[in-house]
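Shown below: run00.cif, with mmCIF, C-alpha atoms.
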data_model
loop_
_atom_site.label_atom_id
_atom_site.label_comp_id
_atom_site.auth_asym_id
_atom_site.auth_seq_id
_atom_site.Cartn_x
_atom_site.Cartn_y
_atom_site.Cartn_z
CA MET X 1 102.41 94.33 133.41
CA ASP X 2 106.09 94.59 132.44
CA LEU X 3 106.79 92.99 129.06
CA ARG X 4 110.43 94.03 128.98
CA SER X 5 111.90 91.10 130.92
CA GLY X 6 111.42 87.40 131.43
CA PRO X 7 111.37 84.48 128.98
CA LEU X 8 110.26 85.67 125.54
CA GLU X 9 107.63 82.96 125.14
CA GLU X 10 105.98 84.01 128.39
CA ARG X 11 106.00 87.65 127.36
CA GLU X 12 104.45 86.76 124.01
CA GLU X 13 101.71 84.82 125.77
CA GLN X 14 101.06 87.79 128.09
CA LEU X 15 100.79 90.07 125.07
CA TYR X 16 98.28 87.75 123.40
CA GLN X 17 96.20 87.77 126.58
CA LEU X 18 96.22 91.57 126.58
CA LEU X 19 95.13 91.68 122.94
CA ASP X 20 92.35 89.16 123.64
CA ARG X 21 91.06 91.28 126.53
CA LEU X 22 91.18 94.35 124.34
CA ARG X 23 89.47 92.73 121.38
CA ASP X 24 86.81 90.87 123.36
CA HIS X 25 86.08 93.34 126.16
CA GLY X 26 87.55 96.70 125.14
CA ASP X 27 89.75 96.58 128.23
CA GLU X 28 91.45 100.00 128.42
CA THR X 29 94.05 98.77 130.91
CA ALA X 30 95.09 96.15 128.37
CA ALA X 31 95.14 98.79 125.64
CA ALA X 32 97.47 100.97 127.69
CA ALA X 33 99.85 98.06 128.26
CA VAL X 34 99.97 97.24 124.57
CA ARG X 35 100.53 100.88 123.66
CA THR X 36 103.55 100.88 125.96
CA VAL X 37 105.17 98.24 123.74
CA VAL X 38 104.77 100.52 120.73
CA ARG X 39 105.55 103.79 122.49
CA ASP X 40 108.73 102.49 124.15
CA TYR X 41 109.57 100.18 121.28
CA GLN X 42 113.34 100.24 121.72
CA ASP X 43 112.91 98.76 125.21
CA HIS X 44 110.88 95.80 123.95
CA HIS X 45 111.69 92.74 121.88
CA ARG X 46 110.88 93.02 118.17
CA SER X 47 108.71 89.93 118.44
CA LEU X 48 106.34 91.74 120.81
CA TYR X 49 106.29 94.86 118.67
CA THR X 50 105.39 92.99 115.49
CA ARG X 51 102.75 90.84 117.17
CA ALA X 52 101.11 93.88 118.71
CA LEU X 53 101.01 95.87 115.47
CA ASN X 54 99.53 92.96 113.54
CA GLN X 55 96.40 94.02 115.45
CA ALA X 56 97.04 97.76 115.30
CA GLU X 57 93.40 98.62 114.61
CA LEU X 58 92.58 97.59 118.17
CA PHE X 59 94.71 100.11 120.00
CA VAL X 60 96.60 102.68 117.91
CA ASP X 61 95.68 106.22 118.92
CA GLU X 62 97.11 109.74 118.85
CA SER X 63 99.56 108.98 121.64
CA LEU X 64 101.46 106.65 119.29
CA ARG X 65 101.91 109.12 116.44
CA ALA X 66 105.48 110.16 117.32
CA PRO X 67 106.86 106.70 118.19
CA LEU X 68 105.37 105.11 115.08
CA LEU X 69 106.78 107.82 112.84
CA ALA X 70 110.16 107.33 114.52
CA ALA X 71 110.08 103.56 114.07
CA LEU X 72 109.18 104.00 110.40
CA THR X 73 112.68 105.32 109.72
CA ASP X 74 114.54 103.35 112.40
CA THR X 75 116.59 100.86 110.38
CA ARG X 76 118.40 99.56 113.49
CA TYR X 77 115.19 98.33 115.12
CA ASN X 78 114.16 96.97 111.70
CA CYS X 79 110.39 96.90 112.18
CA GLN X 80 109.47 99.38 109.48
CA ALA X 81 106.82 97.16 107.93
CA TRP X 82 104.91 97.03 111.22
CA ALA X 83 105.39 100.73 111.84
CA ALA X 84 103.74 101.29 108.45
CA ILE X 85 100.78 99.18 109.59
CA GLY X 86 100.49 101.30 112.71
CA CYS X 87 100.72 104.60 110.85
CA ALA X 88 97.97 103.47 108.49
CA ALA X 89 95.75 102.40 111.40
CA GLY X 90 96.27 105.76 113.08
CA GLY X 91 95.74 107.79 109.91
CA PHE X 92 99.11 109.50 110.35
CA THR X 93 99.58 111.26 107.01
CA GLU X 94 102.96 112.64 108.06
CA ALA X 95 104.23 109.13 107.33
CA VAL X 96 103.67 109.50 103.59
CA PRO X 97 107.17 110.75 102.59
CA ALA X 98 108.84 107.89 104.47
CA LEU X 99 106.38 105.39 103.00
CA VAL X 100 107.15 106.60 99.48
CA TYR X 101 110.81 105.97 100.18
CA LEU X 102 110.04 102.47 101.48
CA VAL X 103 108.26 101.25 98.34
CA ASP X 104 111.76 100.64 96.94
CA ASP X 105 113.04 98.80 100.02
CA HIS X 106 114.92 95.52 99.54
CA ASP X 107 112.52 93.72 101.92
CA TRP X 108 109.31 92.55 100.21
CA ASN X 109 107.29 92.86 103.43
CA VAL X 110 108.37 96.48 103.90
CA ARG X 111 107.41 97.26 100.30
CA GLU X 112 104.04 95.57 100.70
CA GLN X 113 103.09 97.35 103.91
CA ALA X 114 104.34 100.69 102.58
CA MET X 115 102.09 100.36 99.53
CA ARG X 116 99.13 99.31 101.67
CA ALA X 117 99.66 102.27 103.95
CA LEU X 118 99.94 104.65 100.99
CA GLY X 119 96.61 103.37 99.78
CA ARG X 120 95.06 104.55 103.04
CA LEU X 121 97.10 107.69 103.65
CA GLY X 122 98.20 108.89 100.22
CA ASP X 123 96.69 111.20 97.63
CA ALA X 124 97.47 112.22 94.05
CA THR X 125 100.99 113.25 95.03
CA VAL X 126 102.04 109.62 95.61
CA VAL X 127 100.72 108.30 92.28
CA PRO X 128 104.09 108.94 90.52
CA ALA X 129 105.75 106.66 93.08
CA LEU X 130 103.17 103.88 92.72
CA ALA X 131 102.50 103.91 88.98
CA PRO X 132 105.94 102.54 87.94
CA LEU X 133 105.40 99.57 90.24
CA LEU X 134 102.70 98.33 87.86
CA ALA X 135 105.64 97.25 85.70
CA ASP X 136 107.46 95.42 88.52
CA PRO X 137 108.56 91.86 87.69
CA GLN X 138 106.91 90.55 90.86
CA GLU X 139 103.16 90.08 90.51
CA TYR X 140 102.49 90.68 94.20
CA THR X 141 104.14 94.10 93.91
CA ARG X 142 102.01 94.96 90.88
CA GLN X 143 98.93 93.78 92.77
CA HIS X 144 99.62 95.92 95.84
CA ALA X 145 100.45 98.95 93.70
CA ALA X 146 97.18 98.58 91.79
CA ASP X 147 95.23 98.14 95.03
CA ALA X 148 96.81 101.28 96.49
CA LEU X 149 95.98 103.29 93.37
CA GLY X 150 92.41 102.01 93.44
CA GLU X 151 92.04 103.01 97.08
CA ILE X 152 93.55 106.46 96.55
CA GLY X 153 91.22 107.14 93.62
CA GLY X 154 91.09 110.35 91.62
CA PRO X 155 91.96 111.08 87.99
CA GLU X 156 95.70 110.58 88.43
CA ALA X 157 95.32 107.07 89.85
CA LEU X 158 92.74 106.21 87.21
CA ALA X 159 95.07 107.38 84.45
CA ALA X 160 97.87 105.13 85.75
CA LEU X 161 95.62 102.07 85.90
CA TRP X 162 94.04 102.78 82.53
CA HIS X 163 97.46 103.14 80.90
CA GLU X 164 98.37 99.67 82.17
CA PHE X 165 95.03 98.32 80.97
CA GLU X 166 95.56 99.70 77.47
CA HIS X 167 99.23 98.78 77.12
CA ARG X 168 99.11 95.51 79.08
CA ARG X 169 102.72 94.62 79.82
CA PHE X 170 101.68 91.32 81.43
CA ALA X 171 99.27 88.66 80.23
CA ARG X 172 97.19 88.49 83.38
CA ILE X 173 96.04 91.84 84.76
CA GLY X 174 93.07 90.93 86.90
CA TYR X 175 94.42 93.24 89.61
CA VAL X 176 94.17 96.16 87.15
CA ALA X 177 90.66 95.19 86.05
CA SER X 178 89.32 94.86 89.59
CA ASN X 179 90.72 98.23 90.60
CA LEU X 180 89.41 99.98 87.49
CA ALA X 181 85.98 98.82 88.63
CA ARG X 182 86.37 100.95 91.74
CA PHE X 183 86.02 104.04 89.56
CA THR X 184 82.38 103.31 88.76
CA PRO X 185 80.35 104.98 87.32
CA GLU X 186 82.78 107.14 85.31
CA ILE X 187 84.74 104.11 84.08
CA LEU X 188 81.72 102.34 82.55
CA PRO X 189 81.78 104.03 79.12
CA ARG X 190 85.50 103.37 78.72
CA LEU X 191 85.16 99.71 79.63
CA GLU X 192 82.17 99.22 77.35
CA GLN X 193 84.13 100.80 74.51
CA ALA X 194 87.05 98.47 75.30
CA THR X 195 84.78 95.46 74.72
CA THR X 196 84.77 96.42 71.01
CA SER X 197 88.59 96.46 70.80
CA PRO X 198 90.16 94.29 68.06
CA ASP X 199 92.35 92.78 70.81
CA PRO X 200 90.57 89.82 72.48
CA ASN X 201 92.83 90.19 75.53
CA GLN X 202 91.53 93.71 76.10
CA ARG X 203 87.95 92.56 75.59
CA TYR X 204 88.55 89.79 78.13
CA TRP X 205 89.80 92.14 80.85
CA ALA X 206 87.16 94.75 80.05
CA ALA X 207 84.54 92.08 80.70
CA ILE X 208 86.16 91.14 84.01
CA ALA X 209 86.25 94.78 85.07
CA LEU X 210 82.62 95.35 84.08
CA GLY X 211 81.54 92.43 86.22
CA SER X 212 83.45 93.80 89.19
CA THR X 213 81.58 97.11 88.99
CA GLY X 214 78.38 95.41 90.13
CA ASP X 215 76.53 97.93 87.96
CA GLU X 216 73.40 96.67 86.24
CA ARG X 217 74.13 98.87 83.23
CA ALA X 218 77.02 96.55 82.37
CA ALA X 219 74.79 93.48 82.13
CA PRO X 220 73.65 93.88 78.47
CA THR X 221 77.25 94.24 77.29
CA LEU X 222 78.31 91.15 79.21
CA GLU X 223 75.35 89.16 77.90
CA HIS X 224 76.27 90.16 74.34
CA LEU X 225 79.91 89.08 74.82
CA MET X 226 78.81 85.82 76.38
CA ALA X 227 76.63 85.02 73.36
CA THR X 228 78.89 86.19 70.54
CA ASP X 229 82.57 86.51 71.45
CA HIS X 230 84.37 83.16 71.45
CA ALA X 231 87.87 84.58 70.83
CA ALA X 232 90.84 83.20 72.77
CA THR X 233 93.45 85.13 74.73
CA VAL X 234 97.21 84.66 74.94
CA PHE X 235 96.73 82.60 78.13
CA ASP X 236 94.06 80.33 76.61
CA GLY X 237 91.15 82.17 78.17
CA ARG X 238 88.01 82.96 76.20
CA VAL X 239 86.10 86.21 76.10
CA ASP X 240 82.68 84.57 76.33
CA VAL X 241 83.75 82.58 79.38
CA ALA X 242 85.11 85.74 81.00
CA ALA X 243 81.82 87.50 80.31
CA LYS X 244 79.87 84.63 81.87
CA LYS X 245 82.03 84.72 85.00
CA ALA X 246 81.79 88.51 85.10
CA LEU X 247 78.01 88.39 84.93
CA ARG X 248 77.96 86.03 87.91
CA THR X 249 80.27 88.40 89.78
CA LEU X 250 77.99 91.33 88.96
CA ARG X 251 74.97 89.45 90.33
CA ARG X 252 76.82 88.45 93.51
CA ILE X 253 77.78 92.06 94.15
CA GLN X 254 74.22 93.20 93.61
CA THR X 255 72.93 90.52 95.99
CA ALA X 256 75.45 91.54 98.65
CA ILE X 257 74.50 95.20 98.31
CA ALA X 258 70.81 94.36 98.59
CA ALA X 259 71.49 92.26 101.70
CA ARG X 260 73.38 95.10 103.36
CA GLY X 261 70.59 97.47 102.47
#
Spit out the file's structure as C-alpha coordinates when you get a sec.
Amino acid sequence: MDLRSGPLEEREEQLYQLLDRLRDHGDETAAAAVRTVVRDYQDHHRSLYTRALNQAELFVDESLRAPLLAALTDTRYNCQAWAAIGCAAGGFTEAVPALVYLVDDHDWNVREQAMRALGRLGDATVVPALAPLLADPQEYTRQHAADALGEIGGPEALAALWHEFEHRRFARIGYVASNLARFTPEILPRLEQATTSPDPNQRYWAAIALGSTGDERAAPTLEHLMATDHAATVFDGRVDVAAKKALRTLRRIQTAIAARG
(Lines of atoms letter the chains of each structure in order from A and count residues from 1; the text may use other names and numbers.)
(Lines give C-alpha, C1' and ligand atoms only; values in the text may rest on other atoms or scores of the structure.)
Protein backbone atom coordinates (compact mmCIF):
# COMPACT_ATOMS: atom_id res chain seq x y z
CA MET A 1 0.00 0.00 0.00
CA ASP A 2 1.48 3.34 -1.08
CA LEU A 3 0.62 6.14 1.34
CA ARG A 4 2.70 8.75 -0.43
CA SER A 5 0.13 9.88 -3.01
CA GLY A 6 -3.57 10.44 -3.38
CA PRO A 7 -6.04 12.59 -1.42
CA LEU A 8 -4.80 13.07 2.15
CA GLU A 9 -8.10 12.05 3.73
CA GLU A 10 -8.03 8.75 1.87
CA ARG A 11 -4.45 8.11 2.93
CA GLU A 12 -5.33 8.87 6.54
CA GLU A 13 -8.21 6.41 6.38
CA GLN A 14 -5.91 3.75 4.90
CA LEU A 15 -3.45 4.33 7.72
CA TYR A 16 -6.18 3.94 10.34
CA GLN A 17 -7.20 0.66 8.72
CA LEU A 18 -3.60 -0.56 8.91
CA LEU A 19 -3.36 0.39 12.58
CA ASP A 20 -6.66 -1.37 13.31
CA ARG A 21 -5.42 -4.56 11.63
CA LEU A 22 -2.21 -4.34 13.59
CA ARG A 23 -3.88 -3.68 16.92
CA ASP A 24 -6.69 -6.20 16.52
CA HIS A 25 -4.94 -9.00 14.65
CA GLY A 26 -1.19 -8.40 14.92
CA ASP A 27 -1.03 -8.19 11.14
CA GLU A 28 2.69 -8.03 10.27
CA THR A 29 1.99 -6.84 6.72
CA ALA A 30 0.15 -3.86 8.21
CA ALA A 31 3.02 -3.28 10.64
CA ALA A 32 5.52 -3.18 7.79
CA ALA A 33 3.41 -0.63 5.91
CA VAL A 34 3.14 1.62 8.95
CA ARG A 35 6.87 1.35 9.61
CA THR A 36 7.48 2.58 6.08
CA VAL A 37 5.77 5.86 6.99
CA VAL A 38 8.19 6.34 9.88
CA ARG A 39 11.28 5.00 8.14
CA ASP A 40 10.81 7.11 5.00
CA TYR A 41 9.25 9.99 6.89
CA GLN A 42 10.38 12.75 4.54
CA ASP A 43 8.41 11.12 1.72
CA HIS A 44 5.16 11.09 3.71
CA HIS A 45 2.78 13.79 4.88
CA ARG A 46 3.27 14.94 8.47
CA SER A 47 -0.33 14.08 9.23
CA LEU A 48 0.35 10.39 8.54
CA TYR A 49 3.56 10.43 10.55
CA THR A 50 1.93 11.93 13.62
CA ARG A 51 -1.12 9.67 13.46
CA ALA A 52 1.06 6.60 13.16
CA LEU A 53 3.33 7.52 16.08
CA ASN A 54 0.38 8.27 18.34
CA GLN A 55 0.19 4.45 18.41
CA ALA A 56 3.94 3.83 18.40
CA GLU A 57 3.74 1.00 20.93
CA LEU A 58 2.06 -1.13 18.27
CA PHE A 59 4.85 -1.19 15.73
CA VAL A 60 8.13 0.55 16.66
CA ASP A 61 11.06 -1.84 16.46
CA GLU A 62 14.82 -1.81 15.96
CA SER A 63 14.49 -1.02 12.26
CA LEU A 64 13.17 2.44 13.15
CA ARG A 65 15.99 3.45 15.47
CA ALA A 66 17.95 5.51 12.90
CA PRO A 67 14.98 7.29 11.26
CA LEU A 68 13.43 8.20 14.60
CA LEU A 69 16.70 9.59 15.92
CA ALA A 70 17.04 11.59 12.69
CA ALA A 71 13.51 12.97 12.93
CA LEU A 72 14.13 13.98 16.54
CA THR A 73 16.52 16.69 15.36
CA ASP A 74 14.88 17.45 12.01
CA THR A 75 13.40 20.91 12.53
CA ARG A 76 12.32 21.20 8.87
CA TYR A 77 9.98 18.21 9.10
CA ASN A 78 8.83 19.56 12.47
CA CYS A 79 7.56 16.34 14.03
CA GLN A 80 9.97 16.17 16.94
CA ALA A 81 7.27 15.57 19.53
CA TRP A 82 6.15 12.41 17.72
CA ALA A 83 9.71 11.28 17.13
CA ALA A 84 10.17 11.52 20.90
CA ILE A 85 7.14 9.26 21.38
CA GLY A 86 8.66 6.75 18.98
CA CYS A 87 12.09 6.81 20.61
CA ALA A 88 10.49 6.19 24.00
CA ALA A 89 8.44 3.29 22.63
CA GLY A 90 11.55 1.76 21.10
CA GLY A 91 13.72 2.29 24.18
CA PHE A 92 16.29 4.19 22.13
CA THR A 93 18.52 5.70 24.82
CA GLU A 94 20.71 7.41 22.23
CA ALA A 95 17.87 9.94 22.00
CA VAL A 96 18.54 11.28 25.50
CA PRO A 97 20.90 14.17 24.59
CA ALA A 98 18.46 15.47 21.97
CA LEU A 99 15.54 15.06 24.38
CA VAL A 100 17.37 17.08 27.04
CA TYR A 101 17.79 19.84 24.49
CA LEU A 102 14.09 19.71 23.61
CA VAL A 103 12.80 20.28 27.15
CA ASP A 104 13.46 23.98 26.47
CA ASP A 105 11.71 24.03 23.10
CA HIS A 106 9.24 26.83 22.35
CA ASP A 107 6.51 24.29 21.49
CA TRP A 108 4.66 22.99 24.56
CA ASN A 109 3.92 19.64 22.89
CA VAL A 110 7.61 19.08 22.11
CA ARG A 111 8.52 19.90 25.72
CA GLU A 112 5.86 17.55 27.05
CA GLN A 113 6.84 14.58 24.91
CA ALA A 114 10.54 15.18 25.56
CA MET A 115 9.94 15.04 29.31
CA ARG A 116 7.79 11.94 28.99
CA ALA A 117 10.45 10.24 26.91
CA LEU A 118 13.16 11.19 29.41
CA GLY A 119 11.10 9.57 32.12
CA ARG A 120 11.33 6.29 30.21
CA LEU A 121 14.83 6.59 28.79
CA GLY A 122 16.74 8.82 31.20
CA ASP A 123 18.80 8.19 34.30
CA ALA A 124 20.45 10.30 37.00
CA THR A 125 22.36 12.28 34.39
CA VAL A 126 19.18 14.00 33.15
CA VAL A 127 17.96 15.07 36.61
CA PRO A 128 19.80 18.44 36.38
CA ALA A 129 17.83 19.21 33.22
CA LEU A 130 14.47 18.23 34.72
CA ALA A 131 14.77 19.59 38.26
CA PRO A 132 14.65 23.31 37.28
CA LEU A 133 11.38 22.67 35.45
CA LEU A 134 9.70 22.13 38.83
CA ALA A 135 9.85 25.93 39.07
CA ASP A 136 8.31 26.53 35.63
CA PRO A 137 5.38 28.99 35.57
CA GLN A 138 3.24 26.47 33.67
CA GLU A 139 1.71 23.82 35.90
CA TYR A 140 1.60 21.21 33.14
CA THR A 141 5.37 21.56 32.70
CA ARG A 142 5.92 21.13 36.44
CA GLN A 143 3.64 18.10 36.38
CA HIS A 144 5.47 16.38 33.51
CA ALA A 145 8.87 17.15 35.06
CA ALA A 146 7.78 15.65 38.37
CA ASP A 147 6.35 12.58 36.61
CA ALA A 148 9.61 12.08 34.71
CA LEU A 149 11.66 12.35 37.90
CA GLY A 150 9.36 9.89 39.63
CA GLU A 151 9.73 7.42 36.79
CA ILE A 152 13.51 7.77 36.63
CA GLY A 153 13.82 7.18 40.37
CA GLY A 154 17.07 7.06 42.30
CA PRO A 155 18.49 9.36 44.98
CA GLU A 156 19.09 12.29 42.63
CA ALA A 157 15.48 12.40 41.43
CA LEU A 158 14.22 11.96 44.98
CA ALA A 159 16.39 14.85 46.17
CA ALA A 160 14.94 17.15 43.49
CA LEU A 161 11.35 16.27 44.38
CA TRP A 162 11.97 16.50 48.11
CA HIS A 163 13.56 19.93 47.73
CA GLU A 164 10.39 21.13 46.00
CA PHE A 165 8.26 19.52 48.70
CA GLU A 166 10.17 21.28 51.46
CA HIS A 167 10.46 24.68 49.80
CA ARG A 168 7.08 24.65 48.02
CA ARG A 169 7.24 27.44 45.47
CA PHE A 170 3.60 26.86 44.47
CA ALA A 171 0.51 26.42 46.61
CA ARG A 172 -0.68 23.20 45.00
CA ILE A 173 1.96 20.50 44.60
CA GLY A 174 -0.07 17.33 44.29
CA TYR A 175 2.17 16.29 41.40
CA VAL A 176 5.17 16.38 43.77
CA ALA A 177 3.34 14.47 46.49
CA SER A 178 2.16 11.70 44.16
CA ASN A 179 5.65 11.21 42.75
CA LEU A 180 7.30 11.18 46.17
CA ALA A 181 5.02 8.24 46.93
CA ARG A 182 6.75 6.28 44.19
CA PHE A 183 9.85 6.11 46.38
CA THR A 184 8.16 3.86 48.93
CA PRO A 185 9.31 2.43 51.30
CA GLU A 186 12.34 4.69 51.85
CA ILE A 187 10.23 7.86 51.72
CA LEU A 188 7.84 6.80 54.51
CA PRO A 189 9.89 8.05 57.49
CA ARG A 190 10.45 11.43 55.84
CA LEU A 191 6.77 11.88 55.06
CA GLU A 192 5.70 10.82 58.54
CA GLN A 193 8.14 13.32 60.01
CA ALA A 194 6.73 16.00 57.70
CA THR A 195 3.27 15.46 59.22
CA THR A 196 4.65 17.03 62.43
CA SER A 197 5.86 20.17 60.62
CA PRO A 198 4.64 23.52 62.02
CA ASP A 199 3.52 24.35 58.46
CA PRO A 200 -0.03 23.04 57.81
CA ASN A 201 0.62 23.17 54.05
CA GLN A 202 3.47 20.71 54.43
CA ARG A 203 1.37 18.48 56.67
CA TYR A 204 -1.39 18.56 54.06
CA TRP A 205 0.86 17.42 51.21
CA ALA A 206 2.63 14.88 53.40
CA ALA A 207 -0.77 13.31 54.08
CA ILE A 208 -1.59 13.23 50.37
CA ALA A 209 1.75 11.58 49.61
CA LEU A 210 1.32 9.00 52.38
CA GLY A 211 -2.05 8.00 50.97
CA SER A 212 -0.56 7.56 47.52
CA THR A 213 2.03 5.10 48.84
CA GLY A 214 -0.69 2.53 49.45
CA ASP A 215 1.41 1.34 52.39
CA GLU A 216 -0.51 0.13 55.43
CA ARG A 217 2.19 1.53 57.72
CA ALA A 218 0.98 5.02 56.82
CA ALA A 219 -2.57 4.37 58.03
CA PRO A 220 -2.07 5.18 61.77
CA THR A 221 -0.49 8.54 60.91
CA LEU A 222 -3.33 9.41 58.56
CA GLU A 223 -5.94 8.36 61.12
CA HIS A 224 -4.26 10.59 63.72
CA LEU A 225 -4.24 13.59 61.35
CA MET A 226 -7.85 12.98 60.43
CA ALA A 227 -8.88 13.04 64.10
CA THR A 228 -6.74 15.89 65.38
CA ASP A 229 -5.43 18.26 62.70
CA HIS A 230 -8.06 20.78 61.58
CA ALA A 231 -5.57 23.43 60.36
CA ALA A 232 -6.24 25.26 57.08
CA THR A 233 -3.87 25.71 54.15
CA VAL A 234 -3.22 28.76 51.99
CA PHE A 235 -5.71 27.41 49.41
CA ASP A 236 -8.47 26.79 51.99
CA GLY A 237 -7.81 23.08 52.27
CA ARG A 238 -7.75 21.33 55.63
CA VAL A 239 -5.24 18.80 56.88
CA ASP A 240 -7.86 16.49 58.39
CA VAL A 241 -9.81 16.44 55.13
CA ALA A 242 -6.62 15.68 53.20
CA ALA A 243 -5.86 12.83 55.60
CA LYS A 244 -9.36 11.41 55.14
CA LYS A 245 -9.03 11.51 51.36
CA ALA A 246 -5.53 10.04 51.59
CA LEU A 247 -6.76 7.15 53.71
CA ARG A 248 -9.39 6.36 51.08
CA THR A 249 -6.70 6.48 48.40
CA LEU A 250 -4.51 4.13 50.43
CA ARG A 251 -7.37 1.64 50.75
CA ARG A 252 -8.17 1.81 47.02
CA ILE A 253 -4.55 1.08 46.17
CA GLN A 254 -4.48 -1.85 48.54
CA THR A 255 -7.70 -3.22 47.06
CA ALA A 256 -6.32 -2.89 43.53
CA ILE A 257 -3.11 -4.67 44.50
CA ALA A 258 -5.05 -7.48 46.14
CA ALA A 259 -7.23 -7.84 43.04
CA ARG A 260 -4.19 -8.10 40.78
CA GLY A 261 -2.67 -10.64 43.12
Nearest to Tyr16 (chain X) by atom-to-atom distance, counting only C-alpha atoms, from X:Leu134, X:Leu68, X:Ala89, X:Leu48: X:Leu48
With a cut-off of 8 Å, could you pull out the residues of region 131-217 of chain X touching region 117-127 of chain X and give me the nearest pair of atoms for each, distance in Å to one decimal, using only C-alpha atoms, ordered by chain and ascending number, as a tab-separated table?
residue	atom	partner	partner_atom	distance
X:Ala131	CA	X:Val127	CA	5.8
X:Asp147	CA	X:Gly119	CA	7.2
X:Ala148	CA	X:Gly119	CA	3.9
X:Leu149	CA	X:Gly119	CA	6.4
X:Gly150	CA	X:Gly119	CA	7.7
X:Glu151	CA	X:Gly119	CA	5.3
X:Ile152	CA	X:Gly119	CA	5.4
X:Gly153	CA	X:Asp123	CA	7.9
X:Gly154	CA	X:Ala124	CA	7.1
X:Glu156	CA	X:Ala124	CA	6.1
X:Ala157	CA	X:Val127	CA	6.0
X:Ala160	CA	X:Val127	CA	7.8
Could those residues be written to a file, using C-alpha atoms, as a PDB file, keeping the file's coordinate frame?
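Dumped to again.pdb:
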ATOM      1  CA  ALA X 131     102.500 103.910  88.980  1.00  0.00           C
ATOM      2  CA  ASP X 147      95.230  98.140  95.030  1.00  0.00           C
ATOM      3  CA  ALA X 148      96.810 101.280  96.490  1.00  0.00           C
ATOM      4  CA  LEU X 149      95.980 103.290  93.370  1.00  0.00           C
ATOM      5  CA  GLY X 150      92.410 102.010  93.440  1.00  0.00           C
ATOM      6  CA  GLU X 151      92.040 103.010  97.080  1.00  0.00           C
ATOM      7  CA  ILE X 152      93.550 106.460  96.550  1.00  0.00           C
ATOM      8  CA  GLY X 153      91.220 107.140  93.620  1.00  0.00           C
ATOM      9  CA  GLY X 154      91.090 110.350  91.620  1.00  0.00           C
ATOM     10  CA  GLU X 156      95.700 110.580  88.430  1.00  0.00           C
ATOM     11  CA  ALA X 157      95.320 107.070  89.850  1.00  0.00           C
ATOM     12  CA  ALA X 160      97.870 105.130  85.750  1.00  0.00           C
TER      13      ALA X 160
END
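Minimum atom-to-atom distance to Asp27 (chain X), evaluated using only C-alpha atoms, belongs to X:Phe59 out of X:Trp162, X:Phe59, X:Phe183, X:Phe170.
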Listed atoms of region 61-67 of chain X boxed along x, y and z, 8 Å each side, centre and edge lengths in Å, one decimal, as lines of an AutoDock Vina configuration file:
center_x = 101.3
center_y = 108.2
center_z = 119.0
size_x = 27.2
size_y = 19.9
size_z = 21.2
Using all atoms listed in the file: which of X:Leu53, X:Leu22, X:Leu222, X:Ala84 has the shortest distance to Gln113 (chain X):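 Among the listed residues, X:Ala84 lies closest to Gln113 (chain X).
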Distance in Å - CA of Arg76 (chain X) versus CA of Thr36 (chain X): 19.4 Å
Polymer residues at most 10 Å from (85.5, 100.5, 93.8) by all atoms listed in the file, as a ChimeraX atom specification: /X:150-151,153,178-185,212-214
Sel. within 9 Å of pt (99.3, 98.6, 124.9), counting all atoms listed in the file, output as a list in words: Leu15, Leu18, Leu19, Glu28, Thr29, Ala30, Ala31, Ala32, Ala33, Val34, Arg35, Thr36, Val37, Val38, Arg39, Ala52, Phe59 and Val60 of chain X
Between CA of Asp136 (chain X) and CA of Ala95 (chain X) - distance in Å to one decimal: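 These atoms are spaced 23.5 Å apart.
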Contacts of Ser197 (chain X) at 12 Å (all atoms listed in the file; same-chain gap of 4+ positions) as a list in words: Glu166, Arg190, Leu191, Glu192, Gln193, Asn201, Gln202, Arg203, Tyr204, Trp205, Ala206, Ala207, Asp229, Ala231 and Val239 of chain X
Selected residue of minimal separation from Arg111 (chain X) among X:Ala81, X:Leu225, X:Ala88, X:Ala135, counting all atoms listed in the file: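 Answer, going by the shortest atom-to-atom distance: X:Ala81.
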Resolved residues for the PyMOL selection byres ((chain X and resi 12) around 10) as a ChimeraX atom specification: /X:3,7-11,13-18,45,47-49,51-52
For CA of Arg260 (chain X) and CA of Glu216 (chain X), the interatomic separation in Å (one decimal):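 Value for the CA of Arg260 (chain X)-CA of Glu216 (chain X) distance: 17.2 Å.
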Residue nearest Gly91 (chain X) - candidates X:His106, X:His44, X:Arg65, X:Arg172, atoms counted: all atoms listed in the file: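 For Gly91 (chain X), the nearest of the candidates is X:Arg65.
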